[in-house]
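Before any comments, here is the structure.
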Amino acid sequence: MLFRRIYQFLIVFCLGLVCLLGIKQIFTLSDYVIPGLPLIMETSGLVSVGYLLDVINTLSVTVLGQFVSIIMAFTVGILGRKSSWAGSFIKVMAYNIQAYPIVALAPIIFILLGDGFLSRLLIASMICYFPLLLSVLGVMTAPVKDIEHFYIATGRMRWQLEVKIRAFENLSKLTTVIAGSATLAMAGTIVAEFIAANAGIGYSIRIALYQSDLAGILVALFMIGIVISVYQGILETLGEKVKTRWSAPKGGELI
Amino acid sequence: MRLDCNGLKFQYSDSEVAVLDNLSFSMTGPGFNSVFGPSGVGKTSFAKLLVSRGNKPESNISTPGIHTILYSYNMERLPGWSCTGTHLDKVCPPEKEALKKELIDIFRLKSLLNARFSQLSMGQQNRMNLIRYLLQDFDLLILDESLANVDEVLRETIILGMKALFPGKFFLYISHNLMEVAKFCREILVLSEPIKKKGSFMVQGQDYKPGYSLDRQSFEGTMLEIMDAF
């Protein structure tokens, strides 16, 4: 799963690069507009280590932001699963806020909190929080009647058991959404770094952009792609391990 | 212990035809009684009404002597995160451990206690599910196709075992198996299709107990009477 993610990214990246170089050849564009392969390789040798460290810096914020949003989404999703007034309010609010482009709020956050770690973390969390919340709400509000009936009829149903049943029955959906939200969190962090930050790969891309350094930007995109592929691959592998361990006995097979 | 129904009418909001129209009958417990009829005549609807409305003052259903009603059906599942034996242990009151072991023997599930629910066949799943209900406190247990997909020999063993182990409980058996209903139930409510406008009938079943000897003539008579009713 991990390697599949990486080679899929490499194929897409190479295709994009070939297209770009093709455009350069067709329209005979200068290296200033679209750099040639030798310039890209040269830039890569110069900046790749620095950019890799920048991407890891961004990833650390992404991971933390995603973790915060997962905790928040599950907390609110569990609280909002009941068809009570509070539950309905949470659902309506989540659906409406989801429809708004959260990234547009980033300038306000920077005005209030200034440049730095906290602003990046908040934007990363906010961007992946609402899609996660909607999925968690969808899972937690849908009763699994075939399983829950017995526990309700015999008075054994507790909220912990209800959450456990619904999470277990939708484990694939939840792990896919969590793995998918990594991209959103990464996008949120990079956008935050574009706007106003003093560290991370988004900050480095902004500098490259001001210098019209497309070669540098391509190297940065390559580093982002590789690192996010590895991160998503790890998340998916962990999700599979959790599913296998939880749903089948040791040495047994899933039917 | 009695189950009385007086002029019960029930219609789904999205349907123009009443599923149950002026249903009136009386059944006495304890023992095995049945609701029988072709698909779609309202057997399950009646069972669900009984669970939700039984003994309520405004309801047309009264259940004197019956306090706890449980409803089991054949599509139920046990959670898949641990083996079936663990689930049974968790829902079994400590004082019913001996009963649990006896039921596991009768239901022939001993070898499956380490398996996950999803690894069982449909008949095994239904047997495992039914044991959970039999370990609870109840006065009336509705078995809505709860033994579906179980082979006939084992089904007979299970029904006779339940009769022997729970002589003071009221069972309402919903099934499509005419022979089984005629053989093991005492009072059989036969619901006919609304289009035939025949209404409902009570038929006396054979109510065989463990160690019975089959009286072919009266058994066939009961079956004919049920067939005639729907």
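Ordered as shown in the structure tokens, chains take letters A, B, and onward, while each chain numbers its residues from 1 and ligands are numbered from 1 in the order shown.
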
field: All helix (DSSP H, G or I) residues (DSSP, backbone) inside region 8-157 of chain A, as an MDAnalysis selection string
entry: chainID A and resid 8:26 37:79 85:98 102:113 117:141 145:153

*Check: which chain B residues lie within 8 Å of chain A using only C-alpha atoms, as a PyMOL selection string*: chain B and resi 70-72+75-83+115-116+118-119+133+136

* Using only C-alpha atoms, determine which residues lie at most 12 Å from Asn198 (chain A), disregarding the query and same-chain residues fewer than 2 positions distant; provide the list as an NGL selection string. => :A and (54 or 57-58 or 114-120 or 190 or 192-196 or 200-207)

Only N, CA and C atoms, please: the residues just picked out, written as a compact mmCIF listing (two decimals), in the first residue's frame.
```
# COMPACT_ATOMS: atom_id res chain seq x y z
N ASP A 54 12.02 21.35 5.24
CA ASP A 54 10.84 22.23 5.28
C ASP A 54 9.55 21.40 5.21
N ASN A 57 8.93 19.78 8.42
CA ASN A 57 8.40 20.80 9.33
C ASN A 57 6.90 20.99 9.10
N THR A 58 6.52 21.11 7.82
CA THR A 58 5.10 21.27 7.48
C THR A 58 4.31 20.03 7.89
N GLY A 114 -1.20 36.21 14.60
CA GLY A 114 0.12 36.52 14.07
C GLY A 114 0.75 35.34 13.35
N ASP A 115 1.97 35.55 12.82
CA ASP A 115 2.69 34.47 12.12
C ASP A 115 3.11 33.40 13.12
N GLY A 116 3.34 32.21 12.59
CA GLY A 116 3.94 31.20 13.47
C GLY A 116 3.15 29.92 13.57
N PHE A 117 3.60 29.10 14.50
CA PHE A 117 3.12 27.73 14.64
C PHE A 117 1.62 27.64 14.88
N LEU A 118 1.11 28.46 15.80
CA LEU A 118 -0.29 28.33 16.21
C LEU A 118 -1.26 28.61 15.06
N SER A 119 -0.94 29.61 14.26
CA SER A 119 -1.81 29.95 13.12
C SER A 119 -1.84 28.79 12.12
N ARG A 120 -0.66 28.25 11.84
CA ARG A 120 -0.58 27.13 10.88
C ARG A 120 -1.37 25.93 11.41
N ILE A 190 0.04 24.27 4.14
CA ILE A 190 0.81 24.95 3.09
C ILE A 190 0.17 26.31 2.76
N ALA A 192 -1.53 28.15 4.75
CA ALA A 192 -1.21 29.03 5.87
C ALA A 192 0.21 29.56 5.74
N GLU A 193 1.11 28.70 5.28
CA GLU A 193 2.51 29.12 5.13
C GLU A 193 2.69 30.08 3.94
N PHE A 194 1.85 29.89 2.91
CA PHE A 194 1.86 30.83 1.77
C PHE A 194 1.53 32.23 2.24
N ILE A 195 0.48 32.30 3.05
CA ILE A 195 -0.08 33.61 3.40
C ILE A 195 0.87 34.38 4.32
N ALA A 196 1.16 33.80 5.43
CA ALA A 196 2.03 34.51 6.37
C ALA A 196 2.59 33.56 7.40
N GLY A 200 8.40 26.28 7.06
CA GLY A 200 7.61 25.30 6.31
C GLY A 200 7.81 25.42 4.82
N ILE A 201 7.34 24.40 4.09
CA ILE A 201 7.55 24.36 2.65
C ILE A 201 6.72 25.43 1.92
N GLY A 202 5.59 25.79 2.47
CA GLY A 202 4.77 26.85 1.86
C GLY A 202 5.53 28.17 1.88
N TYR A 203 6.23 28.41 2.97
CA TYR A 203 7.05 29.64 3.10
C TYR A 203 8.17 29.62 2.06
N SER A 204 8.81 28.45 1.88
CA SER A 204 9.90 28.31 0.89
C SER A 204 9.38 28.50 -0.53
N ILE A 205 8.16 27.96 -0.79
CA ILE A 205 7.56 28.12 -2.13
C ILE A 205 7.28 29.60 -2.38
N ARG A 206 6.83 30.29 -1.34
CA ARG A 206 6.54 31.73 -1.50
C ARG A 206 7.82 32.48 -1.91
N ILE A 207 8.93 32.12 -1.28
CA ILE A 207 10.20 32.78 -1.61
C ILE A 207 10.59 32.46 -3.07
```

Excluding region 214-229 of chain B and any residue of its chain fewer than 2 positions from it, enumerate the residues within 9 Å of it, using only C-alpha atoms, and give them as JSON, numbers by chain. {"B": [36, 37, 178, 179, 181, 182, 183, 188, 190, 191, 192, 198, 199, 200, 201, 202, 203, 204, 205, 206, 208, 212]}

So that I have them on file, write out the residues from the current selection with C-alpha atoms, as a PDB file, in the first residue's frame.
```
ATOM      1  CA  PHE B  36     -48.944 -17.952  11.101  1.00  0.00           C
ATOM      2  CA  GLY B  37     -49.752 -16.736   7.613  1.00  0.00           C
ATOM      3  CA  LEU B 178     -46.778 -25.230   8.546  1.00  0.00           C
ATOM      4  CA  MET B 179     -45.795 -28.658   9.905  1.00  0.00           C
ATOM      5  CA  VAL B 181     -46.357 -24.757  13.802  1.00  0.00           C
ATOM      6  CA  ALA B 182     -49.087 -27.426  13.737  1.00  0.00           C
ATOM      7  CA  LYS B 183     -46.887 -29.859  15.637  1.00  0.00           C
ATOM      8  CA  ILE B 188     -52.177 -20.661  16.365  1.00  0.00           C
ATOM      9  CA  VAL B 190     -53.729 -17.609  11.361  1.00  0.00           C
ATOM     10  CA  LEU B 191     -53.699 -14.322   9.472  1.00  0.00           C
ATOM     11  CA  SER B 192     -54.989 -14.376   5.921  1.00  0.00           C
ATOM     12  CA  LYS B 198     -61.203 -13.759   5.515  1.00  0.00           C
ATOM     13  CA  GLY B 199     -59.868 -12.058   8.649  1.00  0.00           C
ATOM     14  CA  SER B 200     -58.029 -14.063  11.279  1.00  0.00           C
ATOM     15  CA  PHE B 201     -58.682 -17.447  12.859  1.00  0.00           C
ATOM     16  CA  MET B 202     -57.520 -19.275  15.937  1.00  0.00           C
ATOM     17  CA  VAL B 203     -56.578 -22.903  15.388  1.00  0.00           C
ATOM     18  CA  GLN B 204     -55.656 -25.405  18.110  1.00  0.00           C
ATOM     19  CA  GLY B 205     -52.254 -26.987  17.436  1.00  0.00           C
ATOM     20  CA  GLN B 206     -50.912 -30.338  18.648  1.00  0.00           C
ATOM     21  CA  TYR B 208     -46.227 -31.819  21.351  1.00  0.00           C
ATOM     22  CA  TYR B 212     -44.211 -37.271  22.057  1.00  0.00           C
TER      23      TYR B 212
END
```

- Message: Could you tell me how far CA of Ser125 (chain A) sits from CA of Glu162 (chain A), in Å to one decimal place?
- Response: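 Taking CA of Glu162 (chain A) as the start and CA of Ser125 (chain A) as the end point, the length is 26.8 Å.
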
Using only C-alpha atoms, which residues sit within 7 Å of region 220-233 of chain A once same-chain residues fewer than 2 positions away are excluded, as a list in words?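 Here the answer would be Met1, Leu2, Arg5, Ile6, Phe9, Tyr51, Leu52, Val55, Ala179, Ala182, Ile205, Gly216, Ile217, Leu218, Leu235, Glu236 and Thr237 of chain A.
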
Next, the residues of the selection above should be written as a compact mmCIF listing (two decimals), in the first residue's frame with C-alpha atoms.
```
# COMPACT_ATOMS: atom_id res chain seq x y z
CA MET A 1 0.00 0.00 0.00
CA LEU A 2 2.84 2.35 0.96
CA ARG A 5 1.10 5.32 -3.13
CA ILE A 6 4.72 6.36 -3.89
CA PHE A 9 2.72 9.75 -7.26
CA TYR A 51 13.17 21.61 1.14
CA LEU A 52 12.92 18.11 2.60
CA VAL A 55 8.33 19.56 4.18
CA ALA A 179 -6.28 8.88 5.53
CA ALA A 182 -4.23 14.06 5.62
CA ILE A 205 7.56 28.12 -2.13
CA GLY A 216 12.66 25.38 -7.07
CA ILE A 217 8.86 25.16 -7.01
CA LEU A 218 8.95 21.87 -8.94
CA LEU A 235 -2.08 5.86 7.68
CA GLU A 236 -3.72 3.37 5.30
CA THR A 237 -1.45 0.54 6.45
```

Exercise. Could you please determine the separation between CA of Val153 (chain B) and CA of Lys110 (chain B) in Å, to one decimal place?
Key: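 Rounded to one decimal, the two atoms are 17.8 Å apart.
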
message = Residues near region 97-100 of chain B, anyone? I mean within 8 Å using only C-alpha atoms, not counting same-chain ones fewer than 4 positions away, as a PyMOL selection string.
response = chain B and resi 92-93+104+131+135

Of the residues B:Leu112, B:Phe10, B:Ser34, B:Gly65, which is the one nearest to Arg53 (chain B), using only C-alpha atoms?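 Checking each candidate against Arg53 (chain B), we get B:Phe10 as the closest.
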
Would you pick out the contacts of Ile69 (chain B) at 7 Å or less, using only C-alpha atoms, so that residues sharing its chain but fewer than 3 positions from it are not included, and give the list as number ranges by chain?
B: 51, 138-141
